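These notes concern the structure reproduced below.
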Amino acid sequence: GGDGADYSDFFASLFGRDFRAGGAGRASPHAKGEDHHAKVLINLEDTYQGATRTITLRVPGVDAQGHVITRERILNVTIPKGIREGQHIRLSGQGSAGRGESQAGDLYLQIEFQAHPLYRVDGRDIYLDLPVAPWEAALGATVKVPTLGGIVELKIPAGSGSGRKLRLNGRGLPGDPPGDCYVILAIALPPADTEAAKELYRKMAQELNFNPRAKMGV
């Protein structure tokens, strides 16, 4: 929370059981209201820090003429720190009204994560593709890495190649135990967009005598 983002267009869509006008015709006159279910998208920062979000529910209903219509309801929802994708938040009494004096049903919000521009999620672990310069991978380096909890430093061992996976313990999603952050190295080549850069690449090709396809027999 605390990022000041505008969630006025943050919608959850109801799904589940029958909302037709006659759907509850056989219910007991004192039956508890029907439970409703919805899916709601949150970002990883919400589950990492915990947050309060305002959501707009589009709720099927029936007007005075018996026509099925859609109404909107505004709800404030507390996102617990460390909630995982697929888990539910239960909002007591926010489902359908009960019959007679019976209590209302509940609303269950199923959590889904929005795609993140940097991270992929697997359980409580997160994965990050980190660009590194060729000399950082070849010689080793200490580089800065963005995590959900802030920027940390990571030591890259000398001789690392693209695809090498390094782990930042406890830097994934909160939990008991917390998840880890796995950093996948991706070597990024400087562009050969000047004559000096091109000459440097030519010099490397002559001095290093490196064949990246040698293991393929070509």
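Residues are named by chain letter and number: chains run A, B, ... in the order of the structure tokens, numbers start at 1 in each chain, and ligands are numbered from 1 in the order shown.
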
For this session: Write out as a PyMOL selection string which residues come within 10 Å of Val77 (chain A) when counting only C-alpha atoms, dropping same-chain ones fewer than 4 positions away.
Result: chain A and resi 51-55+89-91+109

Please produce a file of the residues just selected, as a PDB file, in the first residue's frame, where the atoms kept are C-alpha atoms.
ATOM      1  CA  ALA A  51      -2.746  -3.123   1.482  1.00  0.00           C
ATOM      2  CA  THR A  52      -6.273  -1.772   1.565  1.00  0.00           C
ATOM      3  CA  ARG A  53      -7.924  -1.499  -1.822  1.00  0.00           C
ATOM      4  CA  THR A  54     -11.260  -0.185  -3.041  1.00  0.00           C
ATOM      5  CA  ILE A  55     -12.942  -2.536  -5.489  1.00  0.00           C
ATOM      6  CA  ILE A  89     -10.585 -13.421   1.221  1.00  0.00           C
ATOM      7  CA  ARG A  90     -13.954 -13.888   2.957  1.00  0.00           C
ATOM      8  CA  LEU A  91     -16.189 -10.846   3.403  1.00  0.00           C
ATOM      9  CA  LEU A 109     -12.695 -13.050  -3.282  1.00  0.00           C
TER      10      LEU A 109
END

For this session: Name the residues in contact with region 139-148 of chain A at a cut-off of 8 Å, using only C-alpha atoms, excluding same-chain residues fewer than 6 positions from it; report them as a list in words.
Result: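 These residues fall inside the cut-off: Leu44, Glu45, Tyr48, Leu130, Leu154, Lys155, Ile156, Pro157, Ala158, Gly159, Ser160, Arg171, Gly172 and Cys181 of chain A.
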
Please save N, CA and C atoms of the selected residues as a JSON list (two decimals), in the first residue's frame.
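again-v4.json, written as the output of this step:
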[["chain", "number", "residue", "atom", "x", "y", "z"],
["A", 44, "LEU", "N", 1.88, -7.49, -7.02],
["A", 44, "LEU", "CA", 2.77, -8.17, -6.08],
["A", 44, "LEU", "C", 3.13, -7.28, -4.90],
["A", 45, "GLU", "N", 3.19, -5.98, -5.14],
["A", 45, "GLU", "CA", 3.50, -5.08, -4.03],
["A", 45, "GLU", "C", 2.43, -5.15, -2.96],
["A", 48, "TYR", "N", 3.12, -8.23, -0.93],
["A", 48, "TYR", "CA", 4.40, -8.13, -0.22],
["A", 48, "TYR", "C", 4.25, -7.25, 1.03],
["A", 130, "LEU", "N", 17.97, -10.70, -15.01],
["A", 130, "LEU", "CA", 18.84, -9.56, -14.74],
["A", 130, "LEU", "C", 19.88, -9.40, -15.85],
["A", 154, "LEU", "N", 24.15, -8.06, -5.18],
["A", 154, "LEU", "CA", 24.32, -9.47, -5.51],
["A", 154, "LEU", "C", 25.72, -9.67, -6.09],
["A", 155, "LYS", "N", 26.41, -10.69, -5.60],
["A", 155, "LYS", "CA", 27.73, -11.01, -6.11],
["A", 155, "LYS", "C", 27.60, -12.00, -7.26],
["A", 156, "ILE", "N", 28.11, -11.61, -8.44],
["A", 156, "ILE", "CA", 28.10, -12.49, -9.60],
["A", 156, "ILE", "C", 29.45, -13.19, -9.67],
["A", 157, "PRO", "N", 29.48, -14.51, -9.61],
["A", 157, "PRO", "CA", 30.76, -15.22, -9.67],
["A", 157, "PRO", "C", 31.42, -15.07, -11.04],
["A", 158, "ALA", "N", 32.72, -15.04, -11.06],
["A", 158, "ALA", "CA", 33.45, -14.98, -12.33],
["A", 158, "ALA", "C", 33.13, -16.22, -13.16],
["A", 159, "GLY", "N", 33.09, -16.02, -14.47],
["A", 159, "GLY", "CA", 32.81, -17.14, -15.37],
["A", 159, "GLY", "C", 31.35, -17.50, -15.49],
["A", 160, "SER", "N", 30.46, -16.62, -15.08],
["A", 160, "SER", "CA", 29.03, -16.89, -15.19],
["A", 160, "SER", "C", 28.56, -16.73, -16.64],
["A", 171, "ARG", "N", 14.05, -13.26, -0.12],
["A", 171, "ARG", "CA", 13.67, -12.03, -0.82],
["A", 171, "ARG", "C", 12.46, -12.24, -1.74],
["A", 172, "GLY", "N", 11.73, -13.34, -1.54],
["A", 172, "GLY", "CA", 10.51, -13.56, -2.29],
["A", 172, "GLY", "C", 9.31, -13.01, -1.56],
["A", 181, "CYS", "N", 14.15, -15.03, -3.90],
["A", 181, "CYS", "CA", 14.20, -14.36, -5.20],
["A", 181, "CYS", "C", 15.31, -15.01, -6.01]]

For this session: Identify, on the basis of only C-alpha atoms, every residue whose closest approach to Glu85 (chain A) does not exceed 8 Å; exclude the query and any residue fewer than 4 positions from it along the same chain; express the result as a PyMOL selection string.
Result: chain A and resi 110-113+123

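Rounded to one decimal, CA of Gly98 (chain A) and CA of Lys39 (chain A) lie 22.8 Å from each other.
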
Problem set entry | Length of the CA of Leu128 (chain A) to CA of Lys215 (chain A) vector [Å] | 28.2 Å

For this session: List every residue of region 25-173 of chain A that DSSP, applied to the backbone of this structure, places in strand (DSSP E), and write the result as a ChimeraX atom specification.
Result: /A:36-42,51-62,68-79,88-91,107-113,119-122,125-132,141-147,150-156,165-168

Problem set entry | Expected answer as number ranges by chain: helix (DSSP H, G or I) residues in region 93-172 of chain A | A: 134-139

For this session: Could you tell me which of A:Gly61, A:Gly66, A:Gly33, A:Pro131 comes closest to Gly163 (chain A) if we count only C-alpha atoms?
Result: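 Among A:Gly61, A:Gly66, A:Gly33, A:Pro131, it is A:Pro131 that comes nearest to Gly163 (chain A).
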
Seminar exercise, completed: For Pro177 (chain A), the closest of A:Asp125, A:Gln206, A:Ala192, A:Arg99 counting only C-alpha atoms is A:Asp125

Problem set entry | Of the listed residues A:Ala196, A:Ile184, A:Val152, A:Ile83, that which approaches Ala137 (chain A) most closely, counting only C-alpha atoms |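 Between A:Ala196, A:Ile184, A:Val152, A:Ile83, the residue approaching Ala137 (chain A) most closely is A:Ile184.
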
Exercise. Which is closer to Val59 (chain A) than all the others in A:Gly86, A:Gly170, A:Gly95, A:Gly217, using only C-alpha atoms?
Worked result: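 Closest to Val59 (chain A), using only C-alpha atoms: A:Gly95.
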
Exercise. Could you state the separation of CA of Ala197 (chain A) and CA of Asp129 (chain A) in Å, given to one decimal place?
Worked result: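 Calculated distance between CA of Ala197 (chain A) and CA of Asp129 (chain A) is 25.8 Å.
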
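Taking only C-alpha atoms, the non-local environment of Leu107 (chain A) within 10 Å (same-chain residues fewer than 5 positions away omitted) comprises Leu14, Glu34, Asp35, His36, His37, Ala38, His88, Ile89, Arg90, Leu91, Ser92, Gly93, Gln94, Gly95 and Ser96 of chain A.
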
Only N, CA and C atoms, please: the residues just picked out, written as a PDB file, in the first residue's frame.
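File written: result-v9.pdb
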ATOM      1  N   LEU A  14     -18.157 -11.077 -10.624  1.00  0.00           N
ATOM      2  CA  LEU A  14     -18.787 -12.193  -9.932  1.00  0.00           C
ATOM      3  C   LEU A  14     -18.945 -13.388 -10.864  1.00  0.00           C
ATOM      4  N   GLU A  34     -27.382 -16.541  -0.268  1.00  0.00           N
ATOM      5  CA  GLU A  34     -26.417 -17.280  -1.075  1.00  0.00           C
ATOM      6  C   GLU A  34     -25.029 -16.649  -0.986  1.00  0.00           C
ATOM      7  N   ASP A  35     -24.008 -17.491  -0.901  1.00  0.00           N
ATOM      8  CA  ASP A  35     -22.634 -17.003  -0.978  1.00  0.00           C
ATOM      9  C   ASP A  35     -22.309 -16.627  -2.416  1.00  0.00           C
ATOM     10  N   HIS A  36     -21.536 -15.580  -2.570  1.00  0.00           N
ATOM     11  CA  HIS A  36     -21.062 -15.169  -3.879  1.00  0.00           C
ATOM     12  C   HIS A  36     -19.551 -15.334  -3.949  1.00  0.00           C
ATOM     13  N   HIS A  37     -19.058 -15.469  -5.176  1.00  0.00           N
ATOM     14  CA  HIS A  37     -17.627 -15.626  -5.404  1.00  0.00           C
ATOM     15  C   HIS A  37     -17.187 -14.637  -6.477  1.00  0.00           C
ATOM     16  N   ALA A  38     -15.999 -14.116  -6.331  1.00  0.00           N
ATOM     17  CA  ALA A  38     -15.448 -13.193  -7.324  1.00  0.00           C
ATOM     18  C   ALA A  38     -13.945 -13.395  -7.410  1.00  0.00           C
ATOM     19  N   HIS A  88      -8.326 -17.197  -0.896  1.00  0.00           N
ATOM     20  CA  HIS A  88      -9.570 -16.425  -0.858  1.00  0.00           C
ATOM     21  C   HIS A  88      -9.590 -15.469   0.341  1.00  0.00           C
ATOM     22  N   ILE A  89     -10.249 -14.339   0.145  1.00  0.00           N
ATOM     23  CA  ILE A  89     -10.585 -13.421   1.221  1.00  0.00           C
ATOM     24  C   ILE A  89     -12.097 -13.503   1.432  1.00  0.00           C
ATOM     25  N   ARG A  90     -12.523 -13.756   2.650  1.00  0.00           N
ATOM     26  CA  ARG A  90     -13.954 -13.888   2.957  1.00  0.00           C
ATOM     27  C   ARG A  90     -14.480 -12.593   3.545  1.00  0.00           C
ATOM     28  N   LEU A  91     -15.511 -12.045   2.912  1.00  0.00           N
ATOM     29  CA  LEU A  91     -16.189 -10.846   3.403  1.00  0.00           C
ATOM     30  C   LEU A  91     -17.556 -11.267   3.935  1.00  0.00           C
ATOM     31  N   SER A  92     -17.649 -11.352   5.233  1.00  0.00           N
ATOM     32  CA  SER A  92     -18.864 -11.858   5.874  1.00  0.00           C
ATOM     33  C   SER A  92     -20.049 -10.932   5.614  1.00  0.00           C
ATOM     34  N   GLY A  93     -21.178 -11.530   5.235  1.00  0.00           N
ATOM     35  CA  GLY A  93     -22.413 -10.777   5.047  1.00  0.00           C
ATOM     36  C   GLY A  93     -22.489  -9.956   3.776  1.00  0.00           C
ATOM     37  N   GLN A  94     -21.534 -10.152   2.863  1.00  0.00           N
ATOM     38  CA  GLN A  94     -21.526  -9.371   1.627  1.00  0.00           C
ATOM     39  C   GLN A  94     -22.052 -10.160   0.429  1.00  0.00           C
ATOM     40  N   GLY A  95     -22.661 -11.324   0.696  1.00  0.00           N
ATOM     41  CA  GLY A  95     -23.299 -12.082  -0.366  1.00  0.00           C
ATOM     42  C   GLY A  95     -24.752 -11.665  -0.527  1.00  0.00           C
ATOM     43  N   SER A  96     -25.591 -12.588  -0.983  1.00  0.00           N
ATOM     44  CA  SER A  96     -27.017 -12.278  -1.147  1.00  0.00           C
ATOM     45  C   SER A  96     -27.701 -12.121   0.205  1.00  0.00           C
TER      46      SER A  96
END
